$ cat run-v8.txt   # compact mmCIF, C-alpha atoms
# COMPACT_ATOMS: atom_id res chain seq x y z
CA MET U 240 83.62 -212.96 -20.91
CA ASP U 241 80.37 -211.26 -20.00
CA ALA U 242 80.59 -208.12 -17.90
CA PRO U 243 79.45 -208.57 -14.29
CA ALA U 244 75.95 -207.35 -13.49
CA ASN U 245 75.68 -203.94 -11.91
CA PRO U 246 74.63 -204.53 -8.27
CA VAL U 247 73.26 -200.99 -8.00
CA ALA U 248 70.87 -201.59 -10.94
CA LEU U 249 69.75 -204.89 -9.46
CA ARG U 250 68.88 -203.19 -6.17
CA ALA U 251 67.09 -200.27 -7.88
CA GLU U 252 64.67 -202.47 -9.89
CA PRO U 253 62.77 -203.91 -6.86
CA VAL U 254 62.60 -200.42 -5.36
CA ARG U 255 60.83 -199.11 -8.49
CA ASP U 256 58.44 -202.12 -8.45
CA ASP U 257 57.58 -201.52 -4.79
CA ALA U 258 56.90 -197.82 -5.44
CA LEU U 259 54.65 -198.66 -8.39
CA LEU U 260 52.78 -201.24 -6.32
CA ARG U 261 52.25 -198.77 -3.47
CA ALA U 262 51.00 -196.11 -5.89
CA THR U 263 48.56 -198.60 -7.44
CA ARG U 264 47.26 -199.59 -4.02
CA ARG U 265 46.81 -195.93 -3.05
CA ARG U 266 44.82 -195.26 -6.22
CA ALA U 267 42.65 -198.33 -5.63
CA LEU U 268 42.07 -197.32 -1.99
CA LEU U 269 41.17 -193.77 -3.03
CA SER U 270 38.78 -195.10 -5.67
CA ARG U 271 37.05 -197.34 -3.10
CA LEU U 272 36.82 -194.49 -0.60
CA LEU U 273 35.26 -192.19 -3.20
CA ALA U 274 32.77 -194.88 -4.24
CA HIS U 275 31.79 -195.67 -0.66
CA GLY U 276 31.60 -191.98 0.16
CA ALA U 277 29.21 -191.36 -2.73
CA LEU U 278 27.07 -194.33 -1.68
CA ILE U 279 26.96 -193.20 1.95
CA LEU U 280 26.04 -189.67 0.88
CA GLY U 281 23.24 -191.02 -1.31
CA VAL U 282 21.90 -193.16 1.54
CA LEU U 283 21.96 -190.19 3.91
CA ILE U 284 20.11 -187.99 1.42
CA VAL U 285 17.40 -190.63 0.97
CA ALA U 286 17.20 -191.73 4.61
CA PHE U 287 17.32 -188.34 6.34
CA PRO U 288 13.71 -187.30 5.50
CA ILE U 289 12.50 -190.71 6.69
CA TYR U 290 14.47 -190.31 9.90
CA MET U 291 13.03 -186.84 10.47
CA THR U 292 9.53 -188.24 9.93
CA LEU U 293 10.23 -190.94 12.48
CA VAL U 294 11.59 -188.40 14.97
CA GLY U 295 8.75 -185.97 14.31
CA SER U 296 6.21 -188.67 15.09
CA THR U 297 7.54 -188.79 18.65
CA HIS U 298 7.10 -185.07 19.48
CA ASP U 299 4.03 -182.95 20.20
CA ALA U 300 2.33 -180.80 17.58
CA GLY U 301 3.59 -177.56 19.10
CA THR U 302 7.24 -178.53 18.75
CA ILE U 303 6.80 -179.44 15.11
CA GLY U 304 4.69 -176.35 14.43
CA ARG U 305 7.45 -174.08 15.74
CA GLY U 306 10.02 -175.82 13.58
CA ASP U 307 12.06 -176.84 16.61
CA VAL U 308 12.17 -180.57 15.88
CA PRO U 309 15.40 -181.97 17.38
CA LEU U 310 17.37 -184.85 15.93
CA VAL U 311 16.51 -187.13 18.85
CA PRO U 312 13.17 -188.85 19.60
CA GLY U 313 10.72 -187.18 21.96
CA ALA U 314 8.46 -188.37 24.74
CA HIS U 315 5.11 -188.51 22.88
CA THR U 316 5.65 -191.69 20.90
CA VAL U 317 2.92 -193.83 22.46
CA GLU U 318 0.42 -190.98 22.48
CA ASN U 319 0.94 -190.04 18.83
CA TYR U 320 0.85 -193.57 17.48
CA ALA U 321 -2.18 -194.48 19.58
CA THR U 322 -4.03 -191.44 18.24
CA ALA U 323 -3.09 -192.23 14.65
CA TRP U 324 -3.99 -195.92 15.03
CA ASN U 325 -7.33 -195.46 16.79
CA GLU U 326 -8.62 -192.03 15.77
CA GLY U 327 -6.81 -190.64 12.74
CA GLY U 328 -6.07 -186.95 12.61
CA GLY U 329 -5.62 -183.88 10.49
CA ARG U 330 -8.13 -181.17 9.69
CA SER U 331 -10.74 -183.53 8.26
CA GLN U 332 -10.34 -186.14 11.02
CA THR U 333 -9.74 -188.98 8.60
CA THR U 334 -10.32 -192.68 9.11
CA PRO U 335 -8.12 -194.37 11.76
CA ALA U 336 -4.81 -195.64 10.43
CA SER U 337 -5.69 -199.21 11.45
CA THR U 338 -8.68 -199.25 9.07
CA MET U 339 -6.78 -197.58 6.24
CA LEU U 340 -3.88 -200.03 6.59
CA VAL U 341 -6.24 -203.00 6.34
CA ASN U 342 -7.92 -201.47 3.28
CA SER U 343 -4.58 -200.81 1.58
CA LEU U 344 -3.38 -204.30 2.42
CA ILE U 345 -6.49 -205.90 0.90
CA MET U 346 -6.21 -203.74 -2.21
CA ALA U 347 -2.46 -204.34 -2.70
CA VAL U 348 -2.68 -208.13 -2.21
CA ALA U 349 -5.74 -208.41 -4.47
CA ILE U 350 -4.06 -206.35 -7.21
CA ALA U 351 -0.81 -208.31 -6.99
CA LEU U 352 -2.46 -211.74 -7.02
CA GLY U 353 -4.92 -210.72 -9.74
CA LYS U 354 -2.19 -209.36 -11.99
CA ILE U 355 -0.06 -212.49 -11.52
CA ALA U 356 -2.99 -214.88 -12.18
CA ILE U 357 -4.18 -213.10 -15.32
CA SER U 358 -0.64 -212.62 -16.64
CA ILE U 359 0.28 -216.28 -16.16
CA LEU U 360 -2.86 -217.48 -17.95
CA SER U 361 -2.52 -215.03 -20.83
CA ALA U 362 1.20 -215.74 -21.30
CA TYR U 363 0.56 -219.50 -21.06
CA ALA U 364 -2.10 -219.28 -23.78
CA VAL U 365 0.14 -217.23 -26.08
CA VAL U 366 3.17 -219.52 -25.71
CA PHE U 367 1.75 -223.05 -25.48
CA PHE U 368 -1.41 -222.83 -27.61
CA SER U 369 -1.63 -222.37 -31.36
CA PHE U 370 -4.70 -220.48 -32.51
CA PRO U 371 -5.47 -217.85 -35.16
CA GLY U 372 -4.50 -214.37 -34.12
CA ARG U 373 -2.24 -215.53 -31.30
CA MET U 374 0.49 -212.96 -31.92
CA LEU U 375 -2.12 -210.31 -32.66
CA ALA U 376 -3.57 -210.91 -29.21
CA PHE U 377 -0.12 -210.68 -27.65
CA TRP U 378 0.70 -207.40 -29.39
CA ALA U 379 -2.69 -206.01 -28.42
CA ILE U 380 -1.76 -206.74 -24.80
CA PHE U 381 1.72 -205.33 -25.27
CA ILE U 382 0.46 -202.05 -26.77
CA THR U 383 -1.46 -201.34 -23.56
CA LEU U 384 1.93 -200.59 -21.97
CA MET U 385 1.56 -197.18 -23.60
CA LEU U 386 -1.82 -196.61 -21.94
CA PRO U 387 -1.39 -196.05 -18.19
CA VAL U 388 -4.32 -195.67 -15.83
CA GLU U 389 -4.22 -191.88 -16.07
CA VAL U 390 -4.83 -191.99 -19.84
CA ARG U 391 -7.85 -194.32 -19.67
CA ILE U 392 -9.19 -193.03 -16.36
CA ILE U 393 -12.36 -191.40 -17.76
CA PRO U 394 -13.74 -194.38 -19.76
CA THR U 395 -12.75 -196.76 -16.97
CA PHE U 396 -14.55 -194.63 -14.41
CA GLN U 397 -17.63 -194.47 -16.64
CA VAL U 398 -17.72 -198.25 -17.00
CA ILE U 399 -17.45 -198.74 -13.22
CA VAL U 400 -20.25 -196.22 -12.63
CA ASP U 401 -22.49 -197.87 -15.25
CA LEU U 402 -21.95 -201.23 -13.53
CA ASN U 403 -22.76 -199.72 -10.10
CA LEU U 404 -19.36 -200.78 -8.75
CA GLY U 405 -18.48 -197.49 -7.05
CA ASN U 406 -17.46 -197.83 -3.40
CA THR U 407 -16.96 -201.58 -3.83
CA TRP U 408 -13.90 -203.81 -3.73
CA PRO U 409 -14.46 -205.14 -7.29
CA GLY U 410 -14.69 -201.59 -8.59
CA LEU U 411 -11.48 -200.70 -6.75
CA VAL U 412 -9.45 -203.73 -7.80
CA ILE U 413 -10.65 -205.07 -11.16
CA PRO U 414 -9.57 -202.10 -13.35
CA LEU U 415 -6.02 -202.42 -11.98
CA ILE U 416 -5.40 -206.17 -12.24
CA ALA U 417 -4.49 -206.39 -15.93
CA SER U 418 -0.74 -206.08 -16.47
CA ALA U 419 0.96 -206.09 -19.86
CA THR U 420 4.38 -205.94 -18.21
CA ALA U 421 3.83 -209.10 -16.17
CA THR U 422 2.40 -210.86 -19.24
CA LEU U 423 5.51 -209.97 -21.23
CA LEU U 424 7.85 -211.18 -18.47
CA PHE U 425 6.01 -214.50 -18.06
CA ARG U 426 5.94 -215.00 -21.82
CA GLN U 427 9.68 -214.50 -22.08
CA PHE U 428 10.22 -217.01 -19.27
CA PHE U 429 7.82 -219.59 -20.70
CA LEU U 430 9.72 -219.46 -23.99
CA THR U 431 12.80 -220.77 -22.12
CA ILE U 432 11.00 -223.95 -21.02
CA PRO U 433 12.40 -226.79 -23.20
CA ASP U 434 10.09 -228.40 -25.74
CA GLU U 435 11.06 -231.76 -24.25
CA PHE U 436 9.04 -230.90 -21.14
CA VAL U 437 5.95 -230.37 -23.29
CA GLU U 438 6.49 -233.62 -25.19
CA ALA U 439 7.10 -235.58 -21.98
CA ALA U 440 3.89 -234.19 -20.47
CA LYS U 441 1.93 -235.23 -23.57
CA ILE U 442 3.38 -238.75 -23.43
CA ASP U 443 2.38 -239.01 -19.77
CA GLY U 444 -1.16 -237.98 -20.67
CA ALA U 445 -1.02 -234.58 -18.96
CA GLY U 446 -3.48 -232.04 -20.27
CA PRO U 447 -2.95 -228.28 -20.42
CA VAL U 448 -4.21 -227.68 -16.88
CA ARG U 449 -2.01 -230.39 -15.36
CA PHE U 450 1.02 -229.21 -17.33
CA LEU U 451 0.44 -225.70 -16.04
CA ARG U 452 0.00 -226.88 -12.46
CA ASP U 453 2.76 -229.51 -12.25
CA VAL U 454 5.44 -228.12 -14.56
CA VAL U 455 5.03 -224.45 -15.42
CA LEU U 456 4.02 -223.04 -12.03
CA PRO U 457 6.80 -224.81 -10.03
CA LEU U 458 9.37 -223.47 -12.49
CA SER U 459 7.91 -219.98 -12.19
CA LEU U 460 8.01 -219.61 -8.40
CA THR U 461 10.97 -217.22 -8.29
CA ASN U 462 9.47 -215.04 -11.03
CA ILE U 463 6.13 -215.01 -9.24
CA ALA U 464 7.79 -213.97 -5.98
CA ALA U 465 9.74 -211.15 -7.62
CA LEU U 466 6.67 -209.86 -9.43
CA PHE U 467 4.59 -210.09 -6.26
CA VAL U 468 6.94 -207.68 -4.49
CA ILE U 469 6.84 -205.20 -7.37
CA LEU U 470 3.09 -205.44 -7.87
CA PHE U 471 2.33 -205.27 -4.15
CA ILE U 472 4.18 -201.96 -3.89
CA TYR U 473 2.42 -200.78 -7.07
CA GLY U 474 -0.96 -201.55 -5.52
CA TRP U 475 -0.02 -200.08 -2.16
CA ASN U 476 1.00 -196.76 -3.71
CA GLN U 477 -2.16 -196.31 -5.79
CA TYR U 478 -3.64 -192.85 -5.27
CA LEU U 479 -5.65 -191.54 -8.22
CA TRP U 480 -8.00 -194.49 -8.78
CA PRO U 481 -8.94 -195.03 -5.09
CA LEU U 482 -9.45 -191.27 -4.76
CA LEU U 483 -11.97 -191.31 -7.63
CA ILE U 484 -13.84 -194.52 -6.99
CA ILE U 485 -14.08 -194.58 -3.17
CA ASN U 486 -16.19 -192.09 -1.24
CA ASP U 487 -16.89 -194.27 1.78
CA ARG U 488 -14.42 -193.52 4.56
CA SER U 489 -14.58 -197.10 5.80
CA MET U 490 -12.84 -198.14 2.53
CA GLU U 491 -10.29 -195.32 2.43
CA THR U 492 -6.69 -196.36 1.73
CA ILE U 493 -3.66 -195.12 3.63
CA VAL U 494 -2.20 -193.10 0.73
CA VAL U 495 -5.46 -191.24 0.12
CA GLY U 496 -5.98 -190.80 3.87
CA LEU U 497 -2.55 -189.23 4.29
CA SER U 498 -3.24 -186.67 1.59
CA LYS U 499 -6.55 -185.73 3.24
CA MET U 500 -4.89 -185.32 6.62
CA ILE U 501 -2.72 -182.51 5.26
CA GLY U 502 -4.62 -179.23 4.90
CA ARG U 503 -3.80 -176.31 2.65
CA GLY U 504 -2.08 -174.38 5.43
CA ASP U 505 0.46 -175.39 8.04
CA ALA U 506 -1.02 -173.80 11.17
CA GLN U 507 -3.72 -176.34 11.99
CA ASN U 508 -2.09 -179.50 10.70
CA GLU U 509 -1.48 -182.16 13.33
CA TRP U 510 1.95 -182.99 12.02
CA ASN U 511 2.79 -185.38 14.83
CA THR U 512 -0.20 -187.58 13.97
CA ILE U 513 0.42 -187.20 10.24
CA MET U 514 4.04 -188.31 10.64
CA ALA U 515 3.01 -191.25 12.81
CA THR U 516 0.54 -192.32 10.13
CA ALA U 517 3.24 -191.94 7.46
CA VAL U 518 5.58 -194.21 9.43
CA LEU U 519 2.82 -196.79 9.78
CA ALA U 520 2.21 -196.58 6.03
CA LEU U 521 5.88 -197.41 5.39
CA LEU U 522 5.90 -200.61 7.41
CA PRO U 523 3.97 -203.10 5.20
CA PRO U 524 5.98 -202.47 1.99
CA VAL U 525 9.23 -202.57 3.94
CA LEU U 526 8.22 -205.87 5.57
CA VAL U 527 7.25 -207.40 2.22
CA VAL U 528 10.58 -206.42 0.64
CA ALA U 529 12.58 -207.58 3.68
CA LEU U 530 10.82 -210.94 3.98
CA MET U 531 10.92 -211.71 0.24
CA GLN U 532 14.28 -210.17 -0.56
CA ARG U 533 15.97 -213.47 -1.38
CA TRP U 534 13.17 -214.54 -3.74
CA PHE U 535 13.04 -211.07 -5.25
CA VAL U 536 16.74 -211.06 -6.12
CA ARG U 537 16.63 -214.62 -7.47
CA GLY U 538 13.63 -213.83 -9.63
CA LEU U 539 15.38 -210.84 -11.19
CA THR U 540 18.83 -212.37 -11.66
CA GLU U 541 18.34 -216.09 -12.15
CA THR U 542 18.67 -217.04 -15.79
CA GLU U 543 19.15 -220.81 -15.84
CA LYS U 544 15.89 -222.63 -15.22
$ encode --input "run-v8.txt" --output "structure tokens"
Amino acid sequence: MDAPANPVALRAEPVRDDALLRATRRRALLSRLLAHGALILGVLIVAFPIYMTLVGSTHDAGTIGRGDVPLVPGAHTVENYATAWNEGGGRSQTTPASTMLVNSLIMAVAIALGKIAISILSAYAVVFFSFPGRMLAFWAIFITLMLPVEVRIIPTFQVIVDLNLGNTWPGLVIPLIASATATLLFRQFFLTIPDEFVEAAKIDGAGPVRFLRDVVLPLSLTNIAALFVILFIYGWNQYLWPLLIINDRSMETIVVGLSKMIGRGDAQNEWNTIMATAVLALLPPVLVVALMQRWFVRGLTETEK
């Protein structure tokens, strides 16, 4: 006959399992706490300067000049923002923030829409048309990824001057609307469109323009939205080209205006107005990202079309 089971051993086995389970849960909890702690620390490091800018924009210039900025908002909010919006500030008394915001908005939207339009057309031609030198044209576009604006700034500036486009919107926008990156992304997406769609469009008598309008563009909406967010922020943050090509203060952008508001020394800077202008400059990109967040994420992560 078999020996009876040891009741002590039977009771000890669940105890060991429970201890192992509790230890595993403690390790998992500690790992989550460390991960969340690192994320919270990173957010605080990034957000604290923005918070101090927001707080500084609510105090008077004397408080900021003495370095006594508290961590709570002050009582000069309306005054500072009204001055920045209507008059500007800084040593050089720059253009009012309202004008600079409108200029930056026009430039950013024009650059984003121009880049998207040109990239869609160029990628559409490379993918759906067969002509000699097609891939050569694509690689010529792709190679320009290695030539940022700073590298070709002198010849581009000379061309704009020769065409008398200085201090004009075309001179400000046109050199920045070609985008090899967007062309590459649209090309890769267009390659995923099934050949059956092309054949069905031909059977229905649709030409290239109708196929682009009725088939390709509707399928590309999420990609267009994601690229618009990226390209809008790219256009909004432009500094070097607007600084070179625009001398008229009525066309000054917010990024260039902010740099001109800050003098070489600290004593005479109107930091309260400068910080108010900086906060105003943050709002449009933040609004674009917040309003188009869903489309932005879908455009970057969606793979099945």
$ closest_residue --input "run-v8.txt" --among "U:Asn511, U:Ser489, U:Ser418, U:Thr292" --to "Ile355 (chain U)" --atoms "only C-alpha atoms"
U:Ser418
$ residues_around --input "run-v8.txt" --residues "Tyr363 (chain U)" --least-positions-apart "3" --cutoff "10 Å" --atoms "all atoms listed in the file" --output "JSON list (two decimals) with C-alpha atoms, keeping the file's coordinate frame"
[["chain", "number", "residue", "atom", "x", "y", "z"],
["U", 357, "ILE", "CA", -4.18, -213.10, -15.32],
["U", 358, "SER", "CA", -0.64, -212.62, -16.64],
["U", 359, "ILE", "CA", 0.28, -216.28, -16.16],
["U", 360, "LEU", "CA", -2.86, -217.48, -17.95],
["U", 366, "VAL", "CA", 3.17, -219.52, -25.71],
["U", 367, "PHE", "CA", 1.75, -223.05, -25.48],
["U", 368, "PHE", "CA", -1.41, -222.83, -27.61],
["U", 422, "THR", "CA", 2.40, -210.86, -19.24],
["U", 425, "PHE", "CA", 6.01, -214.50, -18.06],
["U", 426, "ARG", "CA", 5.94, -215.00, -21.82],
["U", 429, "PHE", "CA", 7.82, -219.59, -20.70],
["U", 430, "LEU", "CA", 9.72, -219.46, -23.99],
["U", 447, "PRO", "CA", -2.95, -228.28, -20.42],
["U", 451, "LEU", "CA", 0.44, -225.70, -16.04],
["U", 455, "VAL", "CA", 5.03, -224.45, -15.42]]
$ residues_around --input "run-v8.txt" --residues "Phe396 (chain U)" --least-positions-apart "5" --cutoff "12 Å" --atoms "all atoms listed in the file" --output "list of chain:residue names"
U:Val388, U:Glu389, U:Val390, U:Arg391, U:Asp401, U:Leu402, U:Asn403, U:Leu404, U:Gly405, U:Asn406, U:Gly410, U:Leu411, U:Ile413, U:Pro414, U:Leu415, U:Leu479, U:Trp480, U:Pro481, U:Leu482, U:Leu483, U:Ile484, U:Ile485
$ closest_atom_pairs --input "run-v8.txt" --of "region 409-502 of chain U" --to "region 527-534 of chain U" --cutoff "10 Å" --atoms "all atoms listed in the file" --output "tab-separated table"
residue	atom	partner	partner_atom	distance
U:Leu460	CA	U:Trp534	CA	8.6
U:Thr461	CA	U:Trp534	CA	5.7
U:Asn462	CA	U:Trp534	CA	8.2
U:Ile463	CA	U:Trp534	CA	8.9
U:Ala464	CA	U:Trp534	CA	5.9
U:Ala465	CA	U:Trp534	CA	6.2
U:Leu466	CA	U:Trp534	CA	9.8
U:Phe467	CA	U:Met531	CA	9.2
U:Val468	CA	U:Val528	CA	6.4
U:Ile469	CA	U:Val528	CA	8.9
U:Phe471	CA	U:Val527	CA	8.3
U:Ile472	CA	U:Val527	CA	8.7
$ write_last_selection --input "run-v8.txt" --atoms "C-alpha atoms" --output "mmCIF file, keeping the file's coordinate frame"
data_model
loop_
_atom_site.group_PDB
_atom_site.id
_atom_site.type_symbol
_atom_site.label_atom_id
_atom_site.label_comp_id
_atom_site.auth_asym_id
_atom_site.auth_seq_id
_atom_site.Cartn_x
_atom_site.Cartn_y
_atom_site.Cartn_z
ATOM 1 C CA LEU U 460 8.010 -219.610 -8.400
ATOM 2 C CA THR U 461 10.970 -217.220 -8.290
ATOM 3 C CA ASN U 462 9.470 -215.040 -11.030
ATOM 4 C CA ILE U 463 6.130 -215.010 -9.240
ATOM 5 C CA ALA U 464 7.790 -213.970 -5.980
ATOM 6 C CA ALA U 465 9.740 -211.150 -7.620
ATOM 7 C CA LEU U 466 6.670 -209.860 -9.430
ATOM 8 C CA PHE U 467 4.590 -210.090 -6.260
ATOM 9 C CA VAL U 468 6.940 -207.680 -4.490
ATOM 10 C CA ILE U 469 6.840 -205.200 -7.370
ATOM 11 C CA PHE U 471 2.330 -205.270 -4.150
ATOM 12 C CA ILE U 472 4.180 -201.960 -3.890
#
$ residues_around --input "run-v8.txt" --residues "region 517-521 of chain U" --least-positions-apart "5" --cutoff "12 Å" --atoms "only C-alpha atoms" --output "number ranges by chain"
U: 288-297, 316, 319-321, 323-324, 327-328, 335-344, 472, 475-476, 492-498, 500-501, 510-512, 526-528
$ write_last_selection --input "run-v8.txt" --atoms "C-alpha atoms" --output "PDB file, in the frame of the given file"
ATOM      1  CA  PRO U 288      13.710-187.300   5.500  1.00  0.00           C
ATOM      2  CA  ILE U 289      12.500-190.710   6.690  1.00  0.00           C
ATOM      3  CA  TYR U 290      14.470-190.310   9.900  1.00  0.00           C
ATOM      4  CA  MET U 291      13.030-186.840  10.470  1.00  0.00           C
ATOM      5  CA  THR U 292       9.530-188.240   9.930  1.00  0.00           C
ATOM      6  CA  LEU U 293      10.230-190.940  12.480  1.00  0.00           C
ATOM      7  CA  VAL U 294      11.590-188.400  14.970  1.00  0.00           C
ATOM      8  CA  GLY U 295       8.750-185.970  14.310  1.00  0.00           C
ATOM      9  CA  SER U 296       6.210-188.670  15.090  1.00  0.00           C
ATOM     10  CA  THR U 297       7.540-188.790  18.650  1.00  0.00           C
ATOM     11  CA  THR U 316       5.650-191.690  20.900  1.00  0.00           C
ATOM     12  CA  ASN U 319       0.940-190.040  18.830  1.00  0.00           C
ATOM     13  CA  TYR U 320       0.850-193.570  17.480  1.00  0.00           C
ATOM     14  CA  ALA U 321      -2.180-194.480  19.580  1.00  0.00           C
ATOM     15  CA  ALA U 323      -3.090-192.230  14.650  1.00  0.00           C
ATOM     16  CA  TRP U 324      -3.990-195.920  15.030  1.00  0.00           C
ATOM     17  CA  GLY U 327      -6.810-190.640  12.740  1.00  0.00           C
ATOM     18  CA  GLY U 328      -6.070-186.950  12.610  1.00  0.00           C
ATOM     19  CA  PRO U 335      -8.120-194.370  11.760  1.00  0.00           C
ATOM     20  CA  ALA U 336      -4.810-195.640  10.430  1.00  0.00           C
ATOM     21  CA  SER U 337      -5.690-199.210  11.450  1.00  0.00           C
ATOM     22  CA  THR U 338      -8.680-199.250   9.070  1.00  0.00           C
ATOM     23  CA  MET U 339      -6.780-197.580   6.240  1.00  0.00           C
ATOM     24  CA  LEU U 340      -3.880-200.030   6.590  1.00  0.00           C
ATOM     25  CA  VAL U 341      -6.240-203.000   6.340  1.00  0.00           C
ATOM     26  CA  ASN U 342      -7.920-201.470   3.280  1.00  0.00           C
ATOM     27  CA  SER U 343      -4.580-200.810   1.580  1.00  0.00           C
ATOM     28  CA  LEU U 344      -3.380-204.300   2.420  1.00  0.00           C
ATOM     29  CA  ILE U 472       4.180-201.960  -3.890  1.00  0.00           C
ATOM     30  CA  TRP U 475      -0.020-200.080  -2.160  1.00  0.00           C
ATOM     31  CA  ASN U 476       1.000-196.760  -3.710  1.00  0.00           C
ATOM     32  CA  THR U 492      -6.690-196.360   1.730  1.00  0.00           C
ATOM     33  CA  ILE U 493      -3.660-195.120   3.630  1.00  0.00           C
ATOM     34  CA  VAL U 494      -2.200-193.100   0.730  1.00  0.00           C
ATOM     35  CA  VAL U 495      -5.460-191.240   0.120  1.00  0.00           C
ATOM     36  CA  GLY U 496      -5.980-190.800   3.870  1.00  0.00           C
ATOM     37  CA  LEU U 497      -2.550-189.230   4.290  1.00  0.00           C
ATOM     38  CA  SER U 498      -3.240-186.670   1.590  1.00  0.00           C
ATOM     39  CA  MET U 500      -4.890-185.320   6.620  1.00  0.00           C
ATOM     40  CA  ILE U 501      -2.720-182.510   5.260  1.00  0.00           C
ATOM     41  CA  TRP U 510       1.950-182.990  12.020  1.00  0.00           C
ATOM     42  CA  ASN U 511       2.790-185.380  14.830  1.00  0.00           C
ATOM     43  CA  THR U 512      -0.200-187.580  13.970  1.00  0.00           C
ATOM     44  CA  LEU U 526       8.220-205.870   5.570  1.00  0.00           C
ATOM     45  CA  VAL U 527       7.250-207.400   2.220  1.00  0.00           C
ATOM     46  CA  VAL U 528      10.580-206.420   0.640  1.00  0.00           C
TER      47      VAL U 528
END
$ atom_distance --input "run-v8.txt" --atom1 "CA of Gly474 (chain U)" --atom2 "CA of Ala421 (chain U)"
13.9 Å
$ closest_residue --input "run-v8.txt" --among "U:Ile416, U:Ile432, U:Leu470, U:Val536" --to "Pro524 (chain U)" --atoms "only C-alpha atoms"
U:Leu470
$ closest_residue --input "run-v8.txt" --among "U:Ala417, U:Leu423, U:Ile392, U:Val448" --to "Gly353 (chain U)" --atoms "all atoms listed in the file"
U:Ala417
$ atom_distance --input "run-v8.txt" --atom1 "CA of Met346 (chain U)" --atom2 "CA of Pro523 (chain U)"
12.6 Å
$ atom_distance --input "run-v8.txt" --atom1 "CA of Asn325 (chain U)" --atom2 "CA of Arg488 (chain U)"
14.3 Å
$ closest_residue --input "run-v8.txt" --among "U:Ala419, U:Leu269, U:Ala314, U:Ile393" --to "Ala376 (chain U)" --atoms "all atoms listed in the file"
U:Ala419
$ closest_residue --input "run-v8.txt" --among "U:Met374, U:Ala274, U:Val454, U:Ile345" --to "Val412 (chain U)" --atoms "all atoms listed in the file"
U:Ile345
$ closest_residue --input "run-v8.txt" --among "U:Ala286, U:Asp257, U:Ile350, U:Leu384" --to "Gln477 (chain U)" --atoms "all atoms listed in the file"
U:Ile350
